[in-house]
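For reference, run_5.cif (mmCIF, C-alpha atoms):
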```cif
data_target
#
loop_
_atom_site.label_atom_id
_atom_site.label_comp_id
_atom_site.auth_asym_id
_atom_site.auth_seq_id
_atom_site.Cartn_x
_atom_site.Cartn_y
_atom_site.Cartn_z
CA MET A 529 66.96 122.19 102.69
CA ALA A 530 67.58 118.83 101.06
CA THR A 531 70.93 118.36 99.36
CA LYS A 532 70.66 118.06 95.59
CA TYR A 533 72.60 115.27 93.92
CA VAL A 534 72.94 114.93 90.16
CA VAL A 535 74.36 111.74 88.64
CA VAL A 536 75.35 111.66 84.98
CA GLY A 537 75.27 108.10 83.62
CA ALA A 538 73.06 105.16 84.55
CA GLY A 539 75.54 102.34 84.34
CA VAL A 540 76.66 100.35 87.36
CA ALA A 541 78.76 103.20 88.80
CA GLY A 542 75.97 105.76 88.59
CA VAL A 543 73.19 103.52 89.87
CA THR A 544 75.27 102.11 92.70
CA ALA A 545 76.15 105.67 93.67
CA CYS A 546 72.43 106.53 93.81
CA GLN A 547 71.87 103.66 96.25
CA ALA A 548 74.85 104.72 98.39
CA ILE A 549 73.62 108.34 98.46
CA LEU A 550 70.17 107.17 99.54
CA ASP A 551 71.63 105.03 102.30
CA THR A 552 73.84 107.85 103.57
CA ASP A 553 71.50 110.83 103.12
CA PRO A 554 67.89 109.59 102.97
CA GLU A 555 66.60 113.20 102.70
CA GLY A 556 68.67 113.90 99.60
CA GLU A 557 67.13 114.73 96.22
CA ILE A 558 68.70 112.66 93.48
CA ARG A 559 68.43 113.04 89.73
CA LEU A 560 69.99 110.51 87.34
CA PHE A 561 70.53 111.32 83.67
CA THR A 562 71.47 108.92 80.88
CA ASP A 563 71.75 109.32 77.13
CA GLU A 564 70.51 105.75 76.66
CA PRO A 565 66.73 105.32 76.48
CA TYR A 566 66.91 102.05 78.44
CA PRO A 567 66.82 101.54 82.20
CA PHE A 568 69.87 100.18 84.01
CA TYR A 569 70.82 96.83 82.48
CA SER A 570 73.58 94.24 82.72
CA ARG A 571 76.12 95.42 80.15
CA MET A 572 78.16 92.30 80.82
CA ARG A 573 75.44 90.11 79.34
CA LEU A 574 74.81 92.04 76.11
CA THR A 575 76.27 89.22 74.02
CA GLU A 576 73.31 87.09 75.24
CA VAL A 577 71.06 89.52 73.35
CA VAL A 578 73.21 88.97 70.25
CA SER A 579 72.95 85.18 70.54
CA ARG A 580 69.22 85.52 71.24
CA LYS A 581 69.67 83.67 74.49
CA VAL A 582 67.72 86.49 76.18
CA GLU A 583 65.38 89.31 75.22
CA PRO A 584 66.66 92.82 76.06
CA GLN A 585 64.05 93.23 78.78
CA GLN A 586 65.54 90.30 80.69
CA LEU A 587 68.78 92.21 81.23
CA VAL A 588 67.14 95.09 83.09
CA LEU A 589 68.50 95.32 86.63
CA ARG A 590 66.69 98.44 87.86
CA GLY A 591 63.63 99.62 85.96
CA PRO A 592 61.85 102.98 86.17
CA ALA A 593 59.71 101.70 89.04
CA TRP A 594 62.76 101.13 91.23
CA PHE A 595 63.76 104.80 90.87
CA GLU A 596 60.24 106.04 91.38
CA GLU A 597 59.78 104.01 94.56
CA ARG A 598 62.88 105.69 95.97
CA GLY A 599 62.00 109.21 94.87
CA ILE A 600 64.92 109.35 92.44
CA GLY A 601 64.29 111.49 89.38
CA PHE A 602 65.24 109.18 86.50
CA HIS A 603 65.85 110.82 83.11
CA PRO A 604 66.43 108.16 80.43
CA GLY A 605 67.24 109.36 76.92
CA GLU A 606 68.23 112.77 78.29
CA PRO A 607 71.94 113.36 77.82
CA VAL A 608 73.61 116.13 79.78
CA GLN A 609 74.89 118.64 77.25
CA GLU A 610 76.76 120.98 79.54
CA ILE A 611 77.84 121.44 83.09
CA GLY A 612 78.01 124.91 84.61
CA LEU A 613 79.92 126.08 87.65
CA GLU A 614 78.96 128.71 90.23
CA PRO A 615 76.33 127.67 90.71
CA LEU A 616 76.92 124.01 89.91
CA ARG A 617 74.28 122.90 87.44
CA VAL A 618 73.69 120.60 84.48
CA LEU A 619 71.97 121.46 81.23
CA SER A 620 69.80 118.75 79.68
CA GLN A 621 67.08 119.13 77.06
CA ARG A 622 67.28 122.92 77.47
CA ARG A 623 66.60 122.80 81.22
CA HIS A 624 69.03 123.60 84.00
CA TYR A 625 69.18 121.45 87.13
CA ARG A 626 71.02 122.72 90.19
CA ALA A 627 73.37 120.37 92.01
CA ASP A 628 75.13 120.58 95.34
CA ARG A 629 77.10 117.48 94.43
CA LEU A 630 77.66 116.03 90.98
CA LEU A 631 78.84 112.59 89.88
CA LEU A 632 80.24 111.94 86.42
CA ALA A 633 79.64 108.26 85.65
CA THR A 634 79.62 108.65 81.90
CA GLY A 635 81.40 105.38 81.22
CA GLY A 636 83.26 104.53 78.08
CA TYR A 637 82.79 103.89 74.38
CA SER A 638 84.00 101.18 72.09
CA PHE A 639 87.15 102.50 70.40
CA ILE A 640 87.24 102.19 66.60
CA PRO A 641 90.84 102.30 65.33
CA PRO A 642 91.44 104.49 62.27
CA ILE A 643 91.16 101.62 59.79
CA PRO A 644 90.16 102.94 56.36
CA GLY A 645 86.68 101.71 55.50
CA ALA A 646 85.56 101.25 59.10
CA GLN A 647 82.73 103.74 58.58
CA GLN A 648 80.92 101.59 56.00
CA ALA A 649 77.64 99.78 56.57
CA GLY A 650 78.20 96.31 57.95
CA VAL A 651 80.79 97.38 60.53
CA PHE A 652 79.67 97.21 64.16
CA SER A 653 80.94 97.51 67.69
CA LEU A 654 79.28 96.43 70.91
CA ARG A 655 78.90 98.65 73.92
CA THR A 656 75.23 99.53 74.34
CA MET A 657 71.90 97.76 74.22
CA ALA A 658 71.19 99.48 70.90
CA ASP A 659 74.44 98.01 69.49
CA ALA A 660 73.48 94.53 70.72
CA MET A 661 70.09 94.70 69.04
CA SER A 662 71.63 95.93 65.75
CA ILE A 663 74.18 93.14 65.70
CA ARG A 664 71.53 90.58 66.67
CA ASP A 665 69.32 91.66 63.78
CA GLN A 666 72.13 91.82 61.21
CA ALA A 667 73.36 88.35 62.17
CA ALA A 668 70.13 86.89 60.81
CA GLU A 669 71.28 87.85 57.30
CA ALA A 670 74.94 86.95 57.64
CA SER A 671 76.90 83.76 57.28
CA ARG A 672 80.46 84.96 57.92
CA ALA A 673 81.69 87.39 60.56
CA ILE A 674 85.11 88.83 61.28
CA VAL A 675 85.87 90.08 64.77
CA VAL A 676 88.71 92.59 64.94
CA GLY A 677 90.17 92.26 68.42
CA GLY A 678 90.72 88.99 70.25
CA GLY A 679 90.13 90.23 73.79
CA VAL A 680 87.39 89.20 76.20
CA LEU A 681 84.59 91.06 74.46
CA GLY A 682 85.75 90.03 70.98
CA LEU A 683 85.74 86.35 71.91
CA GLU A 684 82.40 86.54 73.69
CA LEU A 685 80.92 88.35 70.70
CA GLY A 686 82.43 85.80 68.32
CA ASN A 687 80.98 83.08 70.51
CA ALA A 688 77.51 84.64 70.34
CA LEU A 689 77.66 84.86 66.53
CA HIS A 690 78.97 81.30 66.31
CA ALA A 691 75.93 80.23 68.35
CA ARG A 692 73.78 81.90 65.69
CA GLY A 693 75.40 79.70 63.07
CA LEU A 694 77.92 82.15 61.60
CA GLU A 695 81.44 81.22 60.65
CA VAL A 696 83.66 83.42 62.79
CA THR A 697 87.23 84.59 62.24
CA VAL A 698 89.01 86.53 64.98
CA VAL A 699 91.81 88.91 63.99
CA GLU A 700 94.22 89.99 66.72
CA THR A 701 97.41 92.08 66.61
CA SER A 702 99.05 90.29 69.52
CA ASP A 703 100.72 86.90 69.12
CA ARG A 704 98.03 85.28 71.23
CA LEU A 705 94.34 85.65 71.91
CA LEU A 706 93.26 87.37 75.14
CA PRO A 707 96.68 89.01 75.46
CA ARG A 708 95.82 90.57 78.81
CA GLN A 709 94.35 87.44 80.33
CA THR A 710 96.67 84.73 79.08
CA ASP A 711 100.24 83.67 78.72
CA LEU A 712 101.32 81.70 75.65
CA GLN A 713 100.50 78.29 77.14
CA ALA A 714 96.98 79.22 78.25
CA ALA A 715 96.28 80.99 74.97
CA ARG A 716 97.42 78.00 72.94
CA ILE A 717 95.15 75.63 74.84
CA LEU A 718 92.17 77.96 74.50
CA GLN A 719 92.83 78.58 70.82
CA GLU A 720 93.05 74.88 70.04
CA THR A 721 89.76 74.25 71.81
CA MET A 722 88.06 77.07 69.92
CA GLU A 723 89.53 75.99 66.57
CA ARG A 724 88.15 72.52 67.09
CA MET A 725 84.73 74.15 67.47
CA GLY A 726 85.11 75.93 64.14
CA PHE A 727 86.62 79.31 65.01
CA ARG A 728 89.40 80.70 62.85
CA PHE A 729 92.15 82.96 64.14
CA ARG A 730 94.63 85.32 62.55
CA LEU A 731 97.18 86.36 65.17
CA SER A 732 99.95 88.93 64.90
CA ALA A 733 97.66 90.36 62.26
CA GLN A 734 97.24 94.02 61.38
CA SER A 735 93.93 95.24 59.96
CA ARG A 736 95.03 97.38 57.03
CA GLU A 737 91.69 98.23 55.41
CA ILE A 738 88.02 97.27 55.39
CA GLN A 739 87.18 96.94 51.72
CA GLY A 740 83.69 97.43 50.41
CA ASP A 741 81.64 97.52 47.26
CA GLY A 742 80.58 101.12 47.76
CA LYS A 743 77.46 100.11 49.67
CA ARG A 744 78.79 97.95 52.45
CA ALA A 745 81.90 96.36 53.88
CA ARG A 746 82.83 93.08 52.21
CA ALA A 747 86.36 92.14 53.19
CA LEU A 748 89.23 92.85 55.54
CA LEU A 749 92.72 93.38 54.14
CA LEU A 750 95.39 92.21 56.55
CA GLY A 751 98.90 93.60 56.87
CA ASP A 752 100.41 90.54 55.22
CA GLY A 753 98.18 90.98 52.18
CA GLU A 754 95.61 88.28 52.98
CA VAL A 755 92.02 89.30 52.22
CA LEU A 756 89.26 87.86 54.42
CA GLU A 757 85.71 88.09 53.11
CA ALA A 758 82.72 88.44 55.40
CA ASP A 759 79.18 89.75 55.71
CA MET A 760 79.69 91.57 58.99
CA PHE A 761 82.63 93.08 60.81
CA LEU A 762 82.77 93.57 64.55
CA ILE A 763 85.36 95.93 65.99
CA SER A 764 86.35 95.11 69.52
CA ALA A 765 89.48 97.16 70.15
CA GLY A 766 89.02 98.29 73.71
CA VAL A 767 87.07 100.78 75.79
CA ARG A 768 87.99 104.44 76.01
CA PRO A 769 86.55 106.85 78.59
CA HIS A 770 83.86 109.41 77.70
CA LEU A 771 85.64 112.67 78.52
CA GLU A 772 83.69 115.37 76.70
CA LEU A 773 81.99 116.90 79.73
CA ALA A 774 85.17 116.54 81.81
CA ARG A 775 87.26 118.33 79.18
CA ALA A 776 84.77 121.17 78.87
CA LEU A 777 84.98 121.62 82.64
CA GLY A 778 88.75 121.61 82.65
CA LEU A 779 88.92 118.67 85.05
CA LYS A 780 92.33 117.16 85.64
CA LEU A 781 92.72 114.35 83.11
CA ASP A 782 95.36 111.82 82.30
CA ARG A 783 94.08 108.96 80.14
CA ALA A 784 90.79 109.39 82.05
CA ILE A 785 89.33 111.65 84.76
CA VAL A 786 91.72 111.75 87.71
CA VAL A 787 90.11 111.18 91.09
CA ASP A 788 91.45 110.88 94.62
CA HIS A 789 90.67 108.11 97.13
CA ARG A 790 87.27 109.74 97.82
CA MET A 791 86.45 109.66 94.10
CA GLU A 792 86.49 113.48 93.99
CA THR A 793 87.86 115.23 90.89
CA SER A 794 90.02 118.34 90.71
CA ILE A 795 86.90 120.48 91.17
CA PRO A 796 85.30 120.29 94.63
CA ASN A 797 81.83 118.73 94.80
CA ILE A 798 82.34 117.08 91.42
CA TYR A 799 82.99 113.35 91.73
CA ALA A 800 83.58 110.67 89.12
CA ALA A 801 83.42 106.86 89.04
CA GLY A 802 83.45 103.93 86.66
CA ASP A 803 84.83 103.58 83.13
CA CYS A 804 85.41 107.34 82.83
CA ILE A 805 88.01 107.52 85.60
CA GLU A 806 91.48 106.46 86.51
CA HIS A 807 92.78 106.06 90.03
CA GLN A 808 96.48 106.16 90.85
CA GLY A 809 97.20 105.67 87.20
CA ALA A 810 95.01 102.57 86.91
CA TYR A 811 92.19 102.37 84.37
CA TYR A 812 89.93 99.39 85.00
CA GLY A 813 87.07 99.13 82.52
CA ILE A 814 85.48 96.29 84.50
CA TRP A 815 82.12 96.07 86.23
CA PRO A 816 83.25 95.24 89.80
CA ALA A 817 85.62 98.23 89.86
CA ALA A 818 82.89 100.58 88.60
CA GLU A 819 80.47 99.24 91.20
CA GLU A 820 82.89 99.75 94.07
CA GLN A 821 83.90 103.21 92.84
CA GLY A 822 80.24 104.25 92.49
CA ARG A 823 79.50 103.07 96.00
CA ILE A 824 82.42 104.97 97.49
CA ALA A 825 81.66 108.10 95.48
CA GLY A 826 78.03 108.05 96.65
CA ILE A 827 78.99 107.70 100.30
CA ASN A 828 81.45 110.59 100.14
CA MET A 829 79.11 112.81 98.14
CA ALA A 830 76.43 112.34 100.78
CA GLY A 831 78.64 113.29 103.67
CA GLY A 832 79.91 109.86 104.70
CA GLN A 833 83.50 108.66 104.75
CA ALA A 834 84.82 105.99 102.43
CA SER A 835 88.16 105.45 100.82
CA TYR A 836 88.86 103.63 97.56
CA GLN A 837 91.89 101.38 97.69
CA GLY A 838 91.82 100.15 94.12
CA THR A 839 90.37 96.93 92.76
CA VAL A 840 92.26 93.76 91.91
CA MET A 841 92.01 93.58 88.14
CA ARG A 842 90.04 90.53 87.17
CA ASN A 843 88.34 89.19 84.09
CA GLN A 844 86.18 86.18 83.62
CA LEU A 845 85.24 84.61 80.31
CA LYS A 846 82.96 81.79 79.40
CA VAL A 847 82.97 80.74 75.78
CA LEU A 848 81.82 77.41 74.38
CA GLY A 849 81.43 76.14 77.93
CA ILE A 850 85.10 76.89 78.76
CA ASP A 851 85.81 78.95 81.87
CA LEU A 852 88.72 81.35 82.13
CA LEU A 853 89.55 83.60 85.05
CA ALA A 854 92.53 85.95 85.06
CA ALA A 855 93.36 88.26 87.94
CA GLY A 856 96.23 90.43 89.12
CA GLN A 857 99.58 90.15 87.38
CA ILE A 858 99.46 87.23 84.97
CA ASP A 859 103.16 87.64 84.05
CA PRO A 860 103.06 86.50 80.40
CA GLU A 861 106.84 86.96 80.05
CA GLY A 862 107.51 84.54 82.87
CA ALA A 863 109.61 87.02 84.81
CA LEU A 864 108.19 85.96 88.18
CA GLU A 865 107.94 82.63 89.96
CA ALA A 866 104.89 80.57 89.11
CA GLU A 867 103.13 77.41 90.19
CA VAL A 868 101.46 75.63 87.28
CA VAL A 869 99.17 72.64 86.91
CA SER A 870 98.18 71.91 83.35
CA ASP A 871 96.50 69.20 81.33
CA PRO A 872 96.27 70.48 77.75
CA SER A 873 94.43 67.39 76.54
CA ARG A 874 91.57 68.32 78.89
CA GLY A 875 91.86 72.04 78.16
CA ILE A 876 93.13 72.80 81.66
CA TYR A 877 95.78 75.32 82.63
CA ARG A 878 96.08 76.72 86.15
CA LYS A 879 98.79 79.16 87.15
CA LEU A 880 99.57 81.13 90.29
CA VAL A 881 102.13 83.94 90.02
CA TYR A 882 104.17 84.71 93.13
CA GLN A 883 106.17 87.57 94.46
CA GLU A 884 108.04 86.34 97.52
CA ASP A 885 105.44 84.08 99.14
CA ARG A 886 102.38 86.05 98.05
CA ILE A 887 100.08 85.28 95.16
CA VAL A 888 100.11 88.35 92.89
CA GLY A 889 98.25 86.90 89.93
CA THR A 890 96.42 83.90 88.55
CA ILE A 891 95.20 82.32 85.33
CA LEU A 892 92.62 79.56 85.72
CA LEU A 893 91.51 77.95 82.47
CA GLY A 894 89.11 75.04 82.18
CA ASP A 895 88.88 74.48 85.93
CA LEU A 896 88.06 77.29 88.32
CA SER A 897 88.09 75.30 91.54
CA GLY A 898 89.56 77.20 94.44
CA GLN A 899 89.02 80.54 92.71
CA ARG A 900 87.51 82.25 95.74
CA GLY A 901 90.31 81.24 98.07
CA ILE A 902 92.92 82.21 95.48
CA LEU A 903 91.28 85.60 94.84
CA ARG A 904 91.03 86.32 98.54
CA ALA A 905 94.70 85.48 99.09
CA LEU A 906 95.49 87.75 96.12
CA GLU A 907 93.35 90.65 97.37
CA GLU A 908 94.78 90.39 100.86
CA ALA A 909 98.36 90.02 99.58
CA ARG A 910 98.52 87.20 102.09
CA SER A 911 101.88 85.77 103.08
CA LEU A 912 101.59 82.03 102.43
CA GLY A 913 104.79 80.80 103.96
CA HIS A 914 105.47 77.11 103.38
CA LEU A 915 102.24 76.77 101.36
CA LYS A 916 103.88 78.65 98.52
CA GLY A 917 104.28 76.52 95.42
CA SER A 918 101.89 73.78 96.52
CA VAL A 919 98.64 75.74 96.68
CA LEU A 920 97.02 74.21 93.61
CA ARG A 921 97.34 70.69 95.02
CA ASN A 922 96.32 71.89 98.46
CA LEU A 923 93.39 74.26 97.95
CA ASP A 924 91.72 73.57 101.29
CA ALA A 925 94.75 75.00 103.05
CA LEU A 926 93.92 78.40 101.52
CA ALA A 927 90.69 78.76 103.48
CA GLY A 928 90.95 81.72 105.81
CA MET B 772 64.93 72.82 94.75
CA ASP B 773 64.92 75.82 92.42
CA LYS B 774 67.89 77.14 90.49
CA TYR B 775 68.57 80.87 90.65
CA GLU B 776 70.26 83.02 88.01
CA CYS B 777 72.37 86.11 88.73
CA GLN B 778 70.77 88.94 86.80
CA VAL B 779 74.03 90.85 86.58
CA CYS B 780 76.36 88.28 85.04
CA GLY B 781 74.25 85.21 84.24
CA TYR B 782 75.87 82.85 86.75
CA LEU B 783 73.48 80.02 87.62
CA TYR B 784 73.26 78.85 91.23
CA ASP B 785 72.38 75.16 91.14
CA PRO B 786 71.45 73.83 94.61
CA ALA B 787 72.52 70.35 93.57
CA VAL B 788 76.05 71.68 93.08
CA GLY B 789 76.11 74.33 95.81
CA ASP B 790 79.10 76.71 95.91
CA PRO B 791 81.83 74.58 97.49
CA ASP B 792 84.56 77.18 96.92
CA ASN B 793 82.69 79.38 99.37
CA GLY B 794 81.84 76.64 101.82
CA VAL B 795 78.32 75.99 100.52
CA ALA B 796 77.69 72.24 100.33
CA PRO B 797 75.77 70.61 97.48
CA GLY B 798 72.12 70.32 98.36
CA THR B 799 71.88 73.82 99.86
CA SER B 800 68.79 75.66 98.67
CA PHE B 801 69.17 79.23 97.47
CA GLU B 802 66.79 80.42 100.15
CA SER B 803 68.95 79.01 102.91
CA LEU B 804 72.14 80.69 101.68
CA PRO B 805 73.36 83.30 104.17
CA ALA B 806 72.09 86.85 103.58
CA ASP B 807 75.62 88.06 102.84
CA TRP B 808 76.33 85.35 100.24
CA VAL B 809 77.28 86.94 96.92
CA CYS B 810 77.56 85.73 93.36
CA PRO B 811 80.91 83.93 93.08
CA VAL B 812 81.47 85.34 89.60
CA CYS B 813 80.59 89.02 89.88
CA GLY B 814 79.84 89.71 93.55
CA ALA B 815 76.18 90.63 93.13
CA ALA B 816 74.03 90.26 96.24
CA LYS B 817 71.25 87.68 96.69
CA ASP B 818 68.56 90.22 95.80
CA GLN B 819 69.97 90.34 92.26
CA PHE B 820 69.10 86.68 91.66
CA GLN B 821 65.97 85.38 90.04
CA LYS B 822 64.43 81.94 90.19
CA VAL B 823 64.61 80.11 86.83
#
```

As structure tokens, how would this structure be written, given the file I've shared?
Amino acid sequence: MATKYVVVGAGVAGVTACQAILDTDPEGEIRLFTDEPYPFYSRMRLTEVVSRKVEPQQLVLRGPAWFEERGIGFHPGEPVQEIGLEPLRVLSQRRHYRADRLLLATGGYSFIPPIPGAQQAGVFSLRTMADAMSIRDQAAEASRAIVVGGGVLGLELGNALHARGLEVTVVETSDRLLPRQTDLQAARILQETMERMGFRFRLSAQSREIQGDGKRARALLLGDGEVLEADMFLISAGVRPHLELARALGLKLDRAIVVDHRMETSIPNIYAAGDCIEHQGAYYGIWPAAEEQGRIAGINMAGGQASYQGTVMRNQLKVLGIDLLAAGQIDPEGALEAEVVSDPSRGIYRKLVYQEDRIVGTILLGDLSGQRGILRALEEARSLGHLKGSVLRNLDALAG
Amino acid sequence: MDKYECQVCGYLYDPAVGDPDNGVAPGTSFESLPADWVCPVCGAAKDQFQKV
């Protein structure tokens, strides 16, 4: 009898798992459930919907036909309400579906900090296609936007609204923008470039309250007493894992669902991958990690053997034509040795962080040349010997 | 020669530029890229690219 696989969540982890299951157990019966009514799309490009660079349909990566052609039961707009054990089954839209193996790929949600007034009309966050379309539509009636959170998504969202002609102010609690992808020097260069293009920043700034007129949000009160007025407010304060189903099951949790190197949870035959999991204490929240985890989960679920060794943390940003790549340990405090080439007048800052003679992290701003070689050396923890300290002027020597 | 866009992350492969970091010289058409070439930004495979 064919093995029954149920996958909860149609993001990159869930869909990649479906492909891996198919490849490993072609006779398997797969069902994929998602609460979103849309087929699998590129979440990374949602800000292009906001800027109107693309129509939502253009972001679809795997439509209903792809699932049908492969005999995968695709259930869009059908959230899983409950999971039962003995026998393993999911409940969705009042129907039970048996599963021999289950994958939780429920992803994450955009965290809204408990700022008074954040529930008013005019306050948005971006995680789903529906969010992107709402923000896109609202931007047509707005002239000023405030983005709370100066991380990657906040800046990309601010960039998209700026492209729509809005005046954008970014409010960030850290002393620099992109606190997890920059050190002070890189952040300063990026901030100056963005300010020249019309962005405003408030750093080391607490959001005390979102003030409104009773109908909608109108202003943000900062910790130092400054009041910033705007027509729309975007909260971009990080991604938290969706843990409702996991909690109800009593799965082992820390800050997210705990999985082993096979992506299995504390209950046998229940696996998890993507933005809902943590592995060896690491929570990623990035697409390439979710993709790899989904692939490995799918292989193991279907009877194959694969082992997850973690993913080198990396983030890439492109705003206003500026490229930024940050990977590994970026060492903002300057505790480790670093090799730096910078040209602030041209918006360039390139840093390699070393431990002994191995690259353990990098920030590349304004010039990404050599990124593949650098990332490979980082992933492999390659010993560079005498090359150490002169890599940036000697990129060809990194090939290998 | 046609440009191809990565459907996952939006990276644009321009044959006139190639992908020198990965040993692909300028002037290399998308079609003639090796089958295991992946998007330099997000790692997506060739089948996730569309001609623009």

Residues within 6 Å of Val881 (chain A), please, as a ChimeraX atom specification. Count all atoms listed in the file; anything in the same chain fewer than 2 positions from it doesn't count. /A:865-866,887-890

Write a file of the selected residues as an mmCIF file, in the coordinates of the input, keeping C-alpha atoms.
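The new file result23.cif reads:
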```cif
data_model
loop_
_atom_site.group_PDB
_atom_site.id
_atom_site.type_symbol
_atom_site.label_atom_id
_atom_site.label_comp_id
_atom_site.auth_asym_id
_atom_site.auth_seq_id
_atom_site.Cartn_x
_atom_site.Cartn_y
_atom_site.Cartn_z
ATOM 1 C CA GLU A 865 107.940 82.630 89.960
ATOM 2 C CA ALA A 866 104.890 80.570 89.110
ATOM 3 C CA ILE A 887 100.080 85.280 95.160
ATOM 4 C CA VAL A 888 100.110 88.350 92.890
ATOM 5 C CA GLY A 889 98.250 86.900 89.930
ATOM 6 C CA THR A 890 96.420 83.900 88.550
#
```

Up to 9 Å from (79.3, 113.4, 91.4) in the file's coordinates: name the residues, counting all atoms listed in the file, as number ranges by chain. A: 533-536, 542, 545, 629-633, 791-793, 797-801, 825-826, 829

For the PyMOL selection byres ((chain B) within 7 of (chain A)), applied here, can you spell out every residue it catches as a CSV table (one decimal) with C-alpha atoms, in the coordinates of the input?
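Contents of selection24.csv, freshly written:
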```
chain,number,residue,atom,x,y,z
B,778,GLN,CA,70.8,88.9,86.8
B,779,VAL,CA,74.0,90.8,86.6
B,780,CYS,CA,76.4,88.3,85.0
B,792,ASP,CA,84.6,77.2,96.9
B,793,ASN,CA,82.7,79.4,99.4
B,813,CYS,CA,80.6,89.0,89.9
```

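From CA of Val787 (chain A) back to CA of His770 (chain A), the distance works out to 14.9 Å.
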
The PyMOL selection byres ((chain B and resi 799-809) around 10) applied to the shown file, residues as an MDAnalysis selection string: chainID B and resid 772:775 777 784:790 793 795:798 810:820 822

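Straight-line separation from CA of His690 (chain A) to CA of Arg672 (chain A): 9.3 Å.
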
The PyMOL selection byres ((chain A and resi 920) around 10) - which residues does that actually catch in the file I just gave you? List them as a ChimeraX atom specification. /A:867-869,878-880,897-898,902,915-919,921-926

Could you write out that same residue set with C-alpha atoms as a compact mmCIF listing (two decimals), keeping the file's coordinate frame?
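Once everything was written out, this is selection.txt:
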```
# COMPACT_ATOMS: atom_id res chain seq x y z
CA GLU A 867 103.13 77.41 90.19
CA VAL A 868 101.46 75.63 87.28
CA VAL A 869 99.17 72.64 86.91
CA ARG A 878 96.08 76.72 86.15
CA LYS A 879 98.79 79.16 87.15
CA LEU A 880 99.57 81.13 90.29
CA SER A 897 88.09 75.30 91.54
CA GLY A 898 89.56 77.20 94.44
CA ILE A 902 92.92 82.21 95.48
CA LEU A 915 102.24 76.77 101.36
CA LYS A 916 103.88 78.65 98.52
CA GLY A 917 104.28 76.52 95.42
CA SER A 918 101.89 73.78 96.52
CA VAL A 919 98.64 75.74 96.68
CA ARG A 921 97.34 70.69 95.02
CA ASN A 922 96.32 71.89 98.46
CA LEU A 923 93.39 74.26 97.95
CA ASP A 924 91.72 73.57 101.29
CA ALA A 925 94.75 75.00 103.05
CA LEU A 926 93.92 78.40 101.52
```

How many Å lie between CA of Asp665 (chain A) and CA of Val847 (chain A), rounded to one decimal? 21.2 Å

Distance criterion (all atoms listed in the file): nearest to Thr839 (chain A) out of A:Leu706, A:Val698, A:Ala855, A:Ala691: A:Ala855

Excluding same-chain residues fewer than 5 positions from region 753-759 of chain A, what lies within 12 Å of it counting all atoms listed in the file, as a PyMOL selection string? chain A and resi 648-652+663+666-676+689+694-699+728-730+733-741+744-748

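The list of residues with at least one atom within 6 Å of Gly591 (chain A), based on only C-alpha atoms and without residues fewer than 2 positions apart in the same chain, reads A:Pro567, A:Ala593, A:Trp594.
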
Print the selection's residues with C-alpha atoms to a file, as a PDB file, in the coordinates of the input.
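As a result, again.pdb now contains:
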```pdb
ATOM      1  CA  PRO A 567      66.820 101.540  82.200  1.00  0.00           C
ATOM      2  CA  ALA A 593      59.710 101.700  89.040  1.00  0.00           C
ATOM      3  CA  TRP A 594      62.760 101.130  91.230  1.00  0.00           C
TER       4      TRP A 594
END
```

Residues within 9 Å of Ile763 (chain A), please, as number ranges by chain. Count all atoms listed in the file; anything in the same chain fewer than 2 positions from it doesn't count. A: 638-641, 646, 651-654, 674-677, 682, 761, 765-766

Point (86.6, 104.9, 86.2), cut-off 7 Å, counting only C-alpha atoms, residues as an MDAnalysis selection string: chainID A and resid 801:806 811:813 818

So that I have them on file, write out the residues from the current selection with C-alpha atoms, as a CSV table (one decimal), in the coordinates of the input.
```
chain,number,residue,atom,x,y,z
A,801,ALA,CA,83.4,106.9,89.0
A,802,GLY,CA,83.4,103.9,86.7
A,803,ASP,CA,84.8,103.6,83.1
A,804,CYS,CA,85.4,107.3,82.8
A,805,ILE,CA,88.0,107.5,85.6
A,806,GLU,CA,91.5,106.5,86.5
A,811,TYR,CA,92.2,102.4,84.4
A,812,TYR,CA,89.9,99.4,85.0
A,813,GLY,CA,87.1,99.1,82.5
A,818,ALA,CA,82.9,100.6,88.6
```

If I wrap all listed atoms of region 778-787 of chain B in a box with edges along x, y and z and add 8 Å on each side, what are its centre and edge lengths in Å to one decimal, as JSON?
```
{"center_x": 73.6, "center_y": 80.6, "center_z": 89.4, "size_x": 21.6, "size_y": 36.5, "size_z": 26.4}
```

Considering all atoms listed in the file, return as an mmCIF file with C-alpha atoms, keeping the file's coordinate frame whatever protein or nucleic-acid residues lie within 12 Å of Asp551 (chain A), sequence-local ones (same chain, fewer than 6 positions apart) excluded.
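Full text of part18.cif as output:
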```cif
data_model
loop_
_atom_site.group_PDB
_atom_site.id
_atom_site.type_symbol
_atom_site.label_atom_id
_atom_site.label_comp_id
_atom_site.auth_asym_id
_atom_site.auth_seq_id
_atom_site.Cartn_x
_atom_site.Cartn_y
_atom_site.Cartn_z
ATOM 1 C CA THR A 544 75.270 102.110 92.700
ATOM 2 C CA ALA A 545 76.150 105.670 93.670
ATOM 3 C CA ARG A 598 62.880 105.690 95.970
ATOM 4 C CA ARG A 823 79.500 103.070 96.000
ATOM 5 C CA ILE A 824 82.420 104.970 97.490
ATOM 6 C CA GLY A 826 78.030 108.050 96.650
ATOM 7 C CA ILE A 827 78.990 107.700 100.300
ATOM 8 C CA ASN A 828 81.450 110.590 100.140
ATOM 9 C CA MET A 829 79.110 112.810 98.140
ATOM 10 C CA ALA A 830 76.430 112.340 100.780
ATOM 11 C CA GLY A 831 78.640 113.290 103.670
ATOM 12 C CA GLY A 832 79.910 109.860 104.700
#
```
